[in-house]
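Peer 1: Structure file protein_17.cif (mmCIF, C-alpha atoms and all ligand atoms) is given on the next line.
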data_protein
#
loop_
_atom_site.group_PDB
_atom_site.id
_atom_site.type_symbol
_atom_site.label_atom_id
_atom_site.label_comp_id
_atom_site.auth_asym_id
_atom_site.auth_seq_id
_atom_site.Cartn_x
_atom_site.Cartn_y
_atom_site.Cartn_z
ATOM 1 C CA MET B 16 21.670 -10.142 2.364
ATOM 2 C CA ASP B 17 23.019 -8.002 -0.459
ATOM 3 C CA ASP B 18 23.925 -4.461 0.743
ATOM 4 C CA GLU B 19 21.819 -2.760 -1.921
ATOM 5 C CA ILE B 20 18.780 -4.773 -0.870
ATOM 6 C CA LEU B 21 19.305 -4.067 2.819
ATOM 7 C CA LYS B 22 19.543 -0.362 1.970
ATOM 8 C CA LYS B 23 16.138 -0.526 0.297
ATOM 9 C CA TYR B 24 14.563 -2.360 3.243
ATOM 10 C CA LYS B 25 16.004 0.334 5.526
ATOM 11 C CA LYS B 26 14.819 3.177 3.316
ATOM 12 C CA ALA B 27 11.295 1.721 3.288
ATOM 13 C CA GLY B 28 11.484 1.610 7.089
ATOM 14 C CA GLU B 29 12.636 5.235 7.343
ATOM 15 C CA ILE B 30 9.814 6.417 5.098
ATOM 16 C CA LEU B 31 7.315 4.373 7.090
ATOM 17 C CA LYS B 32 8.463 5.878 10.393
ATOM 18 C CA GLU B 33 8.041 9.439 9.157
ATOM 19 C CA ALA B 34 4.606 8.686 7.715
ATOM 20 C CA ARG B 35 3.602 6.849 10.896
ATOM 21 C CA ASN B 36 4.643 9.784 13.082
ATOM 22 C CA LEU B 37 2.455 12.086 11.030
ATOM 23 C CA GLY B 38 -0.504 9.691 11.296
ATOM 24 C CA LEU B 39 -0.099 9.223 15.047
ATOM 25 C CA LYS B 40 -0.035 13.001 15.551
ATOM 26 C CA MET B 41 -3.246 13.454 13.570
ATOM 27 C CA ILE B 42 -5.336 10.830 15.391
ATOM 28 C CA LYS B 43 -7.522 12.953 17.689
ATOM 29 C CA PRO B 44 -11.213 12.933 18.598
ATOM 30 C CA GLY B 45 -13.110 14.643 15.791
ATOM 31 C CA ALA B 46 -10.410 14.115 13.143
ATOM 32 C CA LYS B 47 -11.562 12.361 9.968
ATOM 33 C CA ILE B 48 -10.238 8.882 9.195
ATOM 34 C CA LEU B 49 -10.079 9.785 5.497
ATOM 35 C CA ASP B 50 -7.880 12.822 6.228
ATOM 36 C CA VAL B 51 -5.413 10.772 8.280
ATOM 37 C CA VAL B 52 -5.244 7.977 5.709
ATOM 38 C CA GLU B 53 -4.670 10.407 2.849
ATOM 39 C CA ALA B 54 -2.086 12.443 4.762
ATOM 40 C CA VAL B 55 -0.094 9.308 5.597
ATOM 41 C CA GLU B 56 -0.312 7.988 2.034
ATOM 42 C CA ASN B 57 0.697 11.363 0.566
ATOM 43 C CA LYS B 58 3.666 11.478 2.936
ATOM 44 C CA ILE B 59 4.819 8.037 1.782
ATOM 45 C CA LEU B 60 4.711 9.131 -1.876
ATOM 46 C CA SER B 61 6.402 12.470 -1.196
ATOM 47 C CA LEU B 62 9.316 10.651 0.457
ATOM 48 C CA GLY B 63 9.766 8.374 -2.558
ATOM 49 C CA GLY B 64 8.039 5.290 -1.175
ATOM 50 C CA GLU B 65 5.271 3.226 -2.689
ATOM 51 C CA PHE B 66 2.408 1.416 -0.980
ATOM 52 C CA ALA B 67 2.808 -2.187 0.094
ATOM 53 C CA PHE B 68 -0.881 -1.951 1.044
ATOM 54 C CA PRO B 69 -3.392 0.833 1.825
ATOM 55 C CA VAL B 70 -3.059 2.546 5.202
ATOM 56 C CA ASN B 71 -5.229 0.434 7.535
ATOM 57 C CA ILE B 72 -7.120 2.138 10.344
ATOM 58 C CA SER B 73 -9.112 -0.404 12.335
ATOM 59 C CA ILE B 74 -11.002 0.723 15.423
ATOM 60 C CA ASN B 75 -12.015 -1.006 18.679
ATOM 61 C CA GLN B 76 -13.399 -4.516 17.906
ATOM 62 C CA ASN B 77 -12.147 -4.317 14.325
ATOM 63 C CA ALA B 78 -8.717 -5.908 14.131
ATOM 64 C CA ALA B 79 -7.574 -5.326 10.567
ATOM 65 C CA HIS B 80 -8.321 -4.472 6.912
ATOM 66 C CA ASP B 81 -10.382 -1.369 7.533
ATOM 67 C CA THR B 82 -9.374 1.764 5.648
ATOM 68 C CA ALA B 83 -11.109 4.914 4.470
ATOM 69 C CA ASP B 84 -13.919 4.386 1.973
ATOM 70 C CA ILE B 85 -14.710 6.782 -0.876
ATOM 71 C CA ASN B 86 -16.045 9.989 0.768
ATOM 72 C CA ASP B 87 -15.743 8.319 4.182
ATOM 73 C CA SER B 88 -17.248 10.659 6.800
ATOM 74 C CA ARG B 89 -16.209 8.668 9.898
ATOM 75 C CA THR B 90 -14.278 10.479 12.620
ATOM 76 C CA PHE B 91 -12.268 9.301 15.607
ATOM 77 C CA GLU B 92 -14.212 9.387 18.860
ATOM 78 C CA GLU B 93 -13.220 9.803 22.481
ATOM 79 C CA GLY B 94 -12.825 6.258 23.875
ATOM 80 C CA ASP B 95 -11.559 4.699 20.620
ATOM 81 C CA LEU B 96 -8.763 2.140 20.404
ATOM 82 C CA ILE B 97 -7.132 2.641 17.000
ATOM 83 C CA LYS B 98 -4.770 0.367 15.078
ATOM 84 C CA LEU B 99 -2.705 2.257 12.479
ATOM 85 C CA ASP B 100 -1.052 -0.303 10.167
ATOM 86 C CA ILE B 101 1.221 0.939 7.383
ATOM 87 C CA GLY B 102 3.030 -0.809 4.523
ATOM 88 C CA VAL B 103 5.706 0.865 2.390
ATOM 89 C CA HIS B 104 7.959 -0.548 -0.284
ATOM 90 C CA VAL B 105 11.035 0.721 -2.069
ATOM 91 C CA ASP B 106 11.647 -1.200 -5.302
ATOM 92 C CA GLY B 107 9.530 -4.023 -3.853
ATOM 93 C CA TYR B 108 11.360 -4.273 -0.513
ATOM 94 C CA ILE B 109 8.704 -3.928 2.166
ATOM 95 C CA ALA B 110 8.404 -2.312 5.579
ATOM 96 C CA ASP B 111 5.256 -3.207 7.542
ATOM 97 C CA SER B 112 4.508 -1.745 10.952
ATOM 98 C CA ALA B 113 1.545 -0.994 13.198
ATOM 99 C CA LYS B 114 0.891 0.861 16.407
ATOM 100 C CA THR B 115 -2.221 1.138 18.557
ATOM 101 C CA VAL B 116 -3.441 4.486 19.860
ATOM 102 C CA SER B 117 -5.845 4.914 22.768
ATOM 103 C CA LEU B 118 -8.117 7.962 22.922
ATOM 104 C CA ASN B 119 -8.880 7.395 26.608
ATOM 105 C CA SER B 120 -10.228 3.929 25.812
ATOM 106 C CA GLY B 121 -9.097 2.552 29.167
ATOM 107 C CA LYS B 122 -7.389 -0.257 27.190
ATOM 108 C CA GLU B 123 -3.806 0.836 27.770
ATOM 109 C CA ASP B 124 -2.903 -2.534 29.374
ATOM 110 C CA LEU B 125 -4.101 -4.306 26.252
ATOM 111 C CA ILE B 126 -1.759 -2.179 24.127
ATOM 112 C CA LYS B 127 1.056 -2.943 26.554
ATOM 113 C CA ALA B 128 0.456 -6.687 26.105
ATOM 114 C CA SER B 129 0.914 -6.506 22.320
ATOM 115 C CA GLU B 130 3.903 -4.203 22.606
ATOM 116 C CA THR B 131 5.647 -6.345 25.224
ATOM 117 C CA ALA B 132 5.035 -9.526 23.232
ATOM 118 C CA LEU B 133 6.500 -7.818 20.156
ATOM 119 C CA GLU B 134 9.598 -6.617 22.047
ATOM 120 C CA GLU B 135 10.251 -10.080 23.446
ATOM 121 C CA ALA B 136 9.799 -11.691 20.029
ATOM 122 C CA LEU B 137 12.085 -9.248 18.211
ATOM 123 C CA LYS B 138 14.955 -9.987 20.597
ATOM 124 C CA MET B 139 14.742 -13.640 19.507
ATOM 125 C CA MET B 140 14.971 -13.057 15.733
ATOM 126 C CA ARG B 141 18.490 -14.507 15.476
ATOM 127 C CA PRO B 142 19.838 -17.290 13.221
ATOM 128 C CA GLY B 143 19.104 -20.788 14.511
ATOM 129 C CA VAL B 144 16.061 -19.861 16.597
ATOM 130 C CA LYS B 145 12.962 -21.843 15.662
ATOM 131 C CA VAL B 146 9.684 -20.178 14.739
ATOM 132 C CA TYR B 147 7.696 -22.106 17.356
ATOM 133 C CA GLU B 148 10.029 -20.814 20.096
ATOM 134 C CA VAL B 149 9.250 -17.201 19.177
ATOM 135 C CA SER B 150 5.523 -17.863 18.827
ATOM 136 C CA GLU B 151 5.426 -19.459 22.253
ATOM 137 C CA VAL B 152 6.974 -16.371 23.833
ATOM 138 C CA ILE B 153 4.404 -14.164 22.088
ATOM 139 C CA GLU B 154 1.487 -16.255 23.364
ATOM 140 C CA ASP B 155 2.867 -16.624 26.892
ATOM 141 C CA THR B 156 3.615 -12.907 27.177
ATOM 142 C CA ILE B 157 0.103 -11.891 26.174
ATOM 143 C CA ARG B 158 -1.558 -14.470 28.437
ATOM 144 C CA SER B 159 0.680 -13.566 31.383
ATOM 145 C CA MET B 160 -0.669 -10.029 31.111
ATOM 146 C CA GLY B 161 -4.255 -11.265 31.340
ATOM 147 C CA PHE B 162 -5.305 -11.175 27.673
ATOM 148 C CA ASN B 163 -5.745 -13.562 24.738
ATOM 149 C CA PRO B 164 -3.657 -13.618 21.566
ATOM 150 C CA ILE B 165 -5.750 -13.699 18.388
ATOM 151 C CA ILE B 166 -5.263 -17.202 17.039
ATOM 152 C CA ASN B 167 -6.144 -16.522 13.403
ATOM 153 C CA LEU B 168 -4.027 -13.415 12.800
ATOM 154 C CA THR B 169 -0.327 -13.912 12.176
ATOM 155 C CA GLY B 170 2.923 -12.273 11.274
ATOM 156 C CA HIS B 171 4.413 -13.194 7.910
ATOM 157 C CA GLY B 172 7.576 -13.541 5.883
ATOM 158 C CA LEU B 173 8.436 -10.698 3.505
ATOM 159 C CA ASP B 174 10.161 -10.821 0.155
ATOM 160 C CA ARG B 175 10.419 -8.589 -2.883
ATOM 161 C CA TYR B 176 6.846 -7.565 -3.819
ATOM 162 C CA GLU B 177 5.647 -10.377 -1.548
ATOM 163 C CA LEU B 178 3.687 -9.484 1.543
ATOM 164 C CA HIS B 179 3.147 -13.088 2.596
ATOM 165 C CA ALA B 180 6.337 -14.944 1.769
ATOM 166 C CA ARG B 181 7.459 -18.368 3.068
ATOM 167 C CA PHE B 182 4.885 -18.975 5.820
ATOM 168 C CA GLU B 183 2.651 -17.276 8.357
ATOM 169 C CA PHE B 184 4.301 -16.505 11.666
ATOM 170 C CA PRO B 185 1.774 -17.508 14.368
ATOM 171 C CA ASN B 186 1.122 -15.637 17.594
ATOM 172 C CA ILE B 187 0.287 -18.904 19.362
ATOM 173 C CA LYS B 188 2.068 -22.181 20.060
ATOM 174 C CA ASN B 189 2.646 -24.285 16.931
ATOM 175 C CA ALA B 190 4.919 -26.891 15.391
ATOM 176 C CA ILE B 191 6.769 -24.793 12.784
ATOM 177 C CA ASP B 192 10.369 -25.870 13.343
ATOM 178 C CA TYR B 193 11.825 -23.656 10.593
ATOM 179 C CA GLU B 194 15.163 -22.288 11.799
ATOM 180 C CA LEU B 195 15.531 -18.559 11.247
ATOM 181 C CA LYS B 196 18.319 -17.679 8.813
ATOM 182 C CA GLU B 197 20.520 -14.585 8.550
ATOM 183 C CA GLY B 198 18.790 -12.147 6.178
ATOM 184 C CA ASP B 199 15.279 -13.586 6.463
ATOM 185 C CA VAL B 200 12.773 -10.749 6.722
ATOM 186 C CA PHE B 201 9.600 -11.035 8.784
ATOM 187 C CA ALA B 202 6.773 -8.804 9.944
ATOM 188 C CA ILE B 203 6.006 -9.793 13.535
ATOM 189 C CA GLU B 204 2.583 -8.616 14.702
ATOM 190 C CA PRO B 205 1.076 -9.832 17.969
ATOM 191 C CA PHE B 206 -2.623 -9.037 18.311
ATOM 192 C CA SER B 207 -4.106 -9.164 21.808
ATOM 193 C CA THR B 208 -7.721 -8.926 22.885
ATOM 194 C CA ASP B 209 -9.956 -8.927 25.921
ATOM 195 C CA GLY B 210 -12.364 -11.047 23.841
ATOM 196 C CA SER B 211 -12.051 -14.756 23.129
ATOM 197 C CA GLY B 212 -9.097 -14.463 20.754
ATOM 198 C CA LYS B 213 -10.444 -14.973 17.274
ATOM 199 C CA VAL B 214 -11.498 -12.756 14.381
ATOM 200 C CA THR B 215 -14.196 -13.263 11.805
ATOM 201 C CA GLU B 216 -14.961 -11.593 8.468
ATOM 202 C CA THR B 217 -17.505 -8.782 8.279
ATOM 203 C CA ASN B 218 -19.225 -7.991 4.990
ATOM 204 C CA LYS B 219 -17.394 -4.693 4.571
ATOM 205 C CA ILE B 220 -14.701 -4.835 1.872
ATOM 206 C CA LEU B 221 -12.495 -1.854 1.060
ATOM 207 C CA ILE B 222 -9.241 -3.615 0.174
ATOM 208 C CA TYR B 223 -8.488 -6.066 -2.670
ATOM 209 C CA ARG B 224 -5.551 -7.491 -4.535
ATOM 210 C CA TYR B 225 -4.962 -8.781 -8.064
ATOM 211 C CA LEU B 226 -5.094 -12.561 -8.505
ATOM 212 C CA SER B 227 -5.344 -13.387 -12.215
ATOM 213 C CA ASP B 228 -6.655 -12.182 -15.558
ATOM 214 C CA ARG B 229 -10.050 -13.654 -16.355
ATOM 215 C CA PRO B 230 -12.298 -12.741 -19.282
ATOM 216 C CA VAL B 231 -14.171 -9.517 -18.449
ATOM 217 C CA ARG B 232 -16.962 -7.569 -20.082
ATOM 218 C CA PHE B 233 -16.348 -3.894 -19.275
ATOM 219 C CA PRO B 234 -13.348 -1.861 -20.467
ATOM 220 C CA GLU B 235 -13.166 -0.489 -16.902
ATOM 221 C CA SER B 236 -12.673 -4.043 -15.632
ATOM 222 C CA ARG B 237 -9.739 -4.541 -17.974
ATOM 223 C CA LYS B 238 -8.261 -1.243 -16.815
ATOM 224 C CA ILE B 239 -8.606 -2.262 -13.157
ATOM 225 C CA LEU B 240 -6.879 -5.582 -13.770
ATOM 226 C CA GLU B 241 -4.046 -3.885 -15.647
ATOM 227 C CA LEU B 242 -3.601 -1.262 -12.918
ATOM 228 C CA THR B 243 -3.637 -3.710 -10.058
ATOM 229 C CA ARG B 244 -1.293 -6.139 -11.796
ATOM 230 C CA GLU B 245 1.241 -3.562 -13.040
ATOM 231 C CA LYS B 246 1.125 -0.385 -10.968
ATOM 232 C CA TYR B 247 0.239 -2.085 -7.674
ATOM 233 C CA HIS B 248 2.437 -5.130 -8.431
ATOM 234 C CA GLY B 249 -0.260 -7.521 -7.219
ATOM 235 C CA LEU B 250 -0.077 -5.966 -3.736
ATOM 236 C CA PRO B 251 -3.261 -5.005 -1.830
ATOM 237 C CA PHE B 252 -4.997 -1.806 -2.950
ATOM 238 C CA ALA B 253 -7.883 0.352 -1.731
ATOM 239 C CA LYS B 254 -11.144 0.778 -3.589
ATOM 240 C CA ARG B 255 -10.822 4.556 -3.169
ATOM 241 C CA TRP B 256 -7.517 4.580 -5.126
ATOM 242 C CA LEU B 257 -9.286 3.390 -8.266
ATOM 243 C CA LEU B 258 -11.487 6.489 -8.485
ATOM 244 C CA LYS B 259 -8.342 8.568 -8.950
ATOM 245 C CA GLU B 260 -7.195 6.314 -11.784
ATOM 246 C CA ILE B 261 -10.286 5.703 -13.905
ATOM 247 C CA LYS B 262 -13.470 7.560 -14.797
ATOM 248 C CA ILE B 263 -16.235 5.503 -13.234
ATOM 249 C CA SER B 264 -19.163 6.047 -10.876
ATOM 250 C CA PRO B 265 -18.837 4.586 -7.374
ATOM 251 C CA ILE B 266 -21.888 2.405 -8.063
ATOM 252 C CA LYS B 267 -20.401 0.882 -11.195
ATOM 253 C CA LEU B 268 -17.071 0.468 -9.413
ATOM 254 C CA ASN B 269 -18.756 -1.560 -6.659
ATOM 255 C CA LEU B 270 -20.476 -3.720 -9.255
ATOM 256 C CA ILE B 271 -17.243 -4.372 -11.144
ATOM 257 C CA LEU B 272 -15.255 -5.142 -7.993
ATOM 258 C CA ARG B 273 -17.876 -7.713 -6.998
ATOM 259 C CA GLN B 274 -17.757 -9.322 -10.462
ATOM 260 C CA LEU B 275 -13.957 -9.415 -10.502
ATOM 261 C CA SER B 276 -13.907 -11.026 -7.062
ATOM 262 C CA GLN B 277 -16.536 -13.586 -8.014
ATOM 263 C CA ASN B 278 -14.700 -14.672 -11.168
ATOM 264 C CA GLY B 279 -11.389 -15.053 -9.363
ATOM 265 C CA SER B 280 -9.639 -11.967 -10.791
ATOM 266 C CA LEU B 281 -9.384 -10.199 -7.439
ATOM 267 C CA TYR B 282 -8.948 -11.299 -3.831
ATOM 268 C CA GLU B 283 -11.084 -9.553 -1.203
ATOM 269 C CA TYR B 284 -9.912 -8.517 2.248
ATOM 270 C CA PRO B 285 -13.043 -8.139 4.396
ATOM 271 C CA VAL B 286 -12.747 -6.062 7.578
ATOM 272 C CA LEU B 287 -11.973 -8.486 10.416
ATOM 273 C CA LYS B 288 -13.595 -8.156 13.833
ATOM 274 C CA GLU B 289 -13.202 -9.968 17.124
ATOM 275 C CA VAL B 290 -15.868 -12.678 17.442
ATOM 276 C CA GLN B 291 -16.935 -11.692 20.977
ATOM 277 C CA ASN B 292 -16.660 -7.976 20.240
ATOM 278 C CA GLY B 293 -13.526 -7.795 22.367
ATOM 279 C CA PHE B 294 -11.246 -4.811 21.907
ATOM 280 C CA VAL B 295 -8.129 -5.519 19.872
ATOM 281 C CA ALA B 296 -4.616 -4.068 20.130
ATOM 282 C CA GLN B 297 -1.802 -4.683 17.650
ATOM 283 C CA ALA B 298 1.930 -3.950 17.615
ATOM 284 C CA GLU B 299 4.066 -4.699 14.573
ATOM 285 C CA HIS B 300 7.589 -4.241 13.264
ATOM 286 C CA THR B 301 9.594 -5.528 10.344
ATOM 287 C CA VAL B 302 12.818 -7.299 11.259
ATOM 288 C CA VAL B 303 15.811 -8.631 9.344
ATOM 289 C CA VAL B 304 17.098 -11.762 11.077
ATOM 290 C CA GLY B 305 20.716 -11.515 12.271
ATOM 291 C CA ASP B 306 22.916 -11.916 15.342
ATOM 292 C CA ASN B 307 21.848 -8.332 15.913
ATOM 293 C CA PRO B 308 18.340 -8.286 14.435
ATOM 294 C CA ILE B 309 17.701 -5.141 12.365
ATOM 295 C CA ILE B 310 14.296 -3.664 13.114
ATOM 296 C CA THR B 311 13.728 -1.481 10.065
ATOM 297 C CA THR B 312 10.581 0.227 11.361
ATOM 298 C CA ALA B 313 11.698 1.021 14.953
HETATM 299 CO CO CO V 1 1.796 -7.215 8.616
#
So, in terms of structure tokens, how does the structure I just supplied come out?

Peer 2:
Amino acid sequence: MDDEILKKYKKAGEILKEARNLGLKMIKPGAKILDVVEAVENKILSLGGEFAFPVNISINQNAAHDTADINDSRTFEEGDLIKLDIGVHVDGYIADSAKTVSLNSGKEDLIKASETALEEALKMMRPGVKVYEVSEVIEDTIRSMGFNPIINLTGHGLDRYELHARFEFPNIKNAIDYELKEGDVFAIEPFSTDGSGKVTETNKILIYRYLSDRPVRFPESRKILELTREKYHGLPFAKRWLLKEIKISPIKLNLILRQLSQNGSLYEYPVLKEVQNGFVAQAEHTVVVGDNPIITTA
């Protein structure tokens, strides 16, 4: 990998770590989700980073794709198991990392399962290793600790302005015999659960991304497509961001987002929850493949 590019991957990782530390410190019973999300996002911008996706805060049975809504009044509660998932880019080069926080949830072993699986996987991210070998270690590690990996959530390749490059990196046994190459970048993210090991879509949608320009009726729709294509580079964005960019009522915004999704202009990311209402823990780092793998977010 070109030195200048590696520098940008590393800078994105440094910014992410500082923002993540702030977020982790703020997660306390009674604190507002919206305040934490905004503090972390403001920190990313103040350090010169941009968003690879909105700060995700998914709680208990929710595994991913939850974030603060407009005027979100939700607070963290004693007993919560909280996934904080952050994505930063510098000139398109992405760092993606998540940690799980327990507010006396009693699910500390579940967190340990995801973290241990991640550690074991990261050690293997060397040239010549096959994807299925790493996936197998992730699955076996989680099962050996008494939990289930989530079969339909995966890690992913990263590339410039691409959050899902090359292929998905499964957390369960598979037949992907791709050999890791020096300089490949991946986000590895084992999810473990005390449920059955699968997530399903809820009907709550707070995150979208640009897909394509289709004919639209409202000027606000055109503005949203332009924003999400240019300023957000086609990367995932939060509904709440749009209210800072355009003059529109939340009701009209909801209507337009539904229309744009239905006509194929936008892609929706519904909040994902465990099918048996199991608790979910996640651990994630971004790694550059090498004889000494570089973990940019550790
Ligand atoms: Co990720």

Peer 1: Selected by the PyMOL selection byres (((chain B and resi 172) around 9) and not hetatm) in the shown coordinates: which residues, as a list in words?

Peer 2: Gly170, His171, Leu173, Asp174, Glu177, Leu178, His179, Ala180, Arg181, Phe182, Glu183, Phe184, Asp199, Val200, Phe201, Ala202 and Ile203 of chain B

Peer 1: So that I can check the surroundings of range 146-152 of chain B, please list as a PyMOL selection string every protein, DNA and RNA residue that reaches within 9 Å of it, counting all atoms listed in the file and ignoring chain neighbours fewer than 4 positions away.

Peer 2: chain B and resi 132+135-137+139-140+156-157+184-195

Peer 1: Return as lines of an AutoDock Vina configuration file the centre and edge lengths, in Å with one decimal, of the box along x, y and z that encloses every atom of range 85-98 of chain B in the file, padded by 6 Å per side.

Peer 2:
center_x = -11.0
center_y = 5.5
center_z = 11.5
size_x = 24.5
size_y = 22.3
size_z = 36.8

Peer 1: Which residue out of B:Lys114, B:Lys288, B:Lys145, B:Arg175 has the minimum interatomic distance to ligand CO 1 (chain V) when all atoms listed in the file are used?

Peer 2: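 Among B:Lys114, B:Lys288, B:Lys145, B:Arg175, it is B:Lys114 that comes nearest to ligand CO 1 (chain V).
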
Peer 1: Do you know which residues lie at most 7 Å from (-12.1, -12.8, 15.2), with coordinates as in the file and all atoms listed in the file counted, and could you write them as a list in words?

Peer 2: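 I get Gly212, Lys213, Val214, Thr215, Leu287, Lys288, Glu289 and Val290 of chain B for the residues within 7 Å of that point.
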
Peer 1: Neighbours of Gly293 in chain B within 6 Å (all atoms listed in the file; same-chain residues fewer than 2 positions away dropped), as a list of chain:residue names?

Peer 2: B:Gln76, B:Thr208, B:Asp209, B:Gly210, B:Glu289, B:Gln291

Peer 1: Atoms to include: C-alpha atoms. Write the selected residues as a short mmCIF file (atom, residue, chain, number, x, y, z; two decimals), in the frame of the given file.

Peer 2:
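Saved the output as selection26.cif:
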data_model
loop_
_atom_site.label_atom_id
_atom_site.label_comp_id
_atom_site.auth_asym_id
_atom_site.auth_seq_id
_atom_site.Cartn_x
_atom_site.Cartn_y
_atom_site.Cartn_z
CA GLN B 76 -13.40 -4.52 17.91
CA THR B 208 -7.72 -8.93 22.88
CA ASP B 209 -9.96 -8.93 25.92
CA GLY B 210 -12.36 -11.05 23.84
CA GLU B 289 -13.20 -9.97 17.12
CA GLN B 291 -16.93 -11.69 20.98
#

Peer 1: What is the CA of Pro265 in chain B to CA of Leu242 in chain B distance in Å?

Peer 2: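 So the answer is 17.2 Å.
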
Peer 1: Applying 10 Å and all atoms listed in the file, which residues near Lys26 in chain B remain after dropping the ones on its own chain fewer than 2 positions away? List them as a list in words.

Peer 2: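 Near Lys26 in chain B, the qualifying residues are Ile20, Leu21, Lys22, Lys23, Tyr24, Gly28, Glu29, Ile30, Leu31, Lys32, Leu62, Gly63, Gly64, Val103, His104, Val105, Tyr108, Ile109, Ala110, Thr311 and Thr312 of chain B.
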
Peer 1: Counting all atoms listed in the file, what is within 12 Å of Ser73 in chain B, bar same-chain residues fewer than 5 positions away, as a PDB file with C-alpha atoms, in the coordinates of the input?

Peer 2:
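Printed below is result-v7.pdb as written:
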ATOM      1  CA  ILE B  48     -10.238   8.882   9.195  1.00  0.00           C
ATOM      2  CA  VAL B  52      -5.244   7.977   5.709  1.00  0.00           C
ATOM      3  CA  ALA B  78      -8.717  -5.908  14.131  1.00  0.00           C
ATOM      4  CA  ALA B  79      -7.574  -5.326  10.567  1.00  0.00           C
ATOM      5  CA  HIS B  80      -8.321  -4.472   6.912  1.00  0.00           C
ATOM      6  CA  ASP B  81     -10.382  -1.369   7.533  1.00  0.00           C
ATOM      7  CA  THR B  82      -9.374   1.764   5.648  1.00  0.00           C
ATOM      8  CA  ALA B  83     -11.109   4.914   4.470  1.00  0.00           C
ATOM      9  CA  ARG B  89     -16.209   8.668   9.898  1.00  0.00           C
ATOM     10  CA  PHE B  91     -12.268   9.301  15.607  1.00  0.00           C
ATOM     11  CA  ASP B  95     -11.559   4.699  20.620  1.00  0.00           C
ATOM     12  CA  LEU B  96      -8.763   2.140  20.404  1.00  0.00           C
ATOM     13  CA  ILE B  97      -7.132   2.641  17.000  1.00  0.00           C
ATOM     14  CA  LYS B  98      -4.770   0.367  15.078  1.00  0.00           C
ATOM     15  CA  LEU B  99      -2.705   2.257  12.479  1.00  0.00           C
ATOM     16  CA  ASP B 100      -1.052  -0.303  10.167  1.00  0.00           C
ATOM     17  CA  ILE B 101       1.221   0.939   7.383  1.00  0.00           C
ATOM     18  CA  ALA B 113       1.545  -0.994  13.198  1.00  0.00           C
ATOM     19  CA  LYS B 114       0.891   0.861  16.407  1.00  0.00           C
ATOM     20  CA  THR B 115      -2.221   1.138  18.557  1.00  0.00           C
ATOM     21  CA  VAL B 116      -3.441   4.486  19.860  1.00  0.00           C
ATOM     22  CA  LEU B 221     -12.495  -1.854   1.060  1.00  0.00           C
ATOM     23  CA  PRO B 285     -13.043  -8.139   4.396  1.00  0.00           C
ATOM     24  CA  VAL B 286     -12.747  -6.062   7.578  1.00  0.00           C
ATOM     25  CA  LEU B 287     -11.973  -8.486  10.416  1.00  0.00           C
ATOM     26  CA  LYS B 288     -13.595  -8.156  13.833  1.00  0.00           C
ATOM     27  CA  GLU B 289     -13.202  -9.968  17.124  1.00  0.00           C
ATOM     28  CA  PHE B 294     -11.246  -4.811  21.907  1.00  0.00           C
ATOM     29  CA  VAL B 295      -8.129  -5.519  19.872  1.00  0.00           C
ATOM     30  CA  ALA B 296      -4.616  -4.068  20.130  1.00  0.00           C
ATOM     31  CA  GLN B 297      -1.802  -4.683  17.650  1.00  0.00           C
TER      32      GLN B 297
END

Peer 1: Take the PyMOL selection byres (((chain B and resi 69) around 7) and not hetatm), apply it to the structure above, and return the hits as a list in words.

Peer 2: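 Residues picked by the PyMOL selection byres (((chain B and resi 69) around 7) and not hetatm): Phe66, Phe68, Val70, Asn71, Pro251, Phe252 and Ala253 of chain B.
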
Peer 1: Nearest to ligand CO 1 (chain V) among B:Ile74, B:Ala298, B:Leu268, B:Val144, with distances taken over all atoms listed in the file: which residue is it?

Peer 2: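 Closest candidate: B:Ala298.
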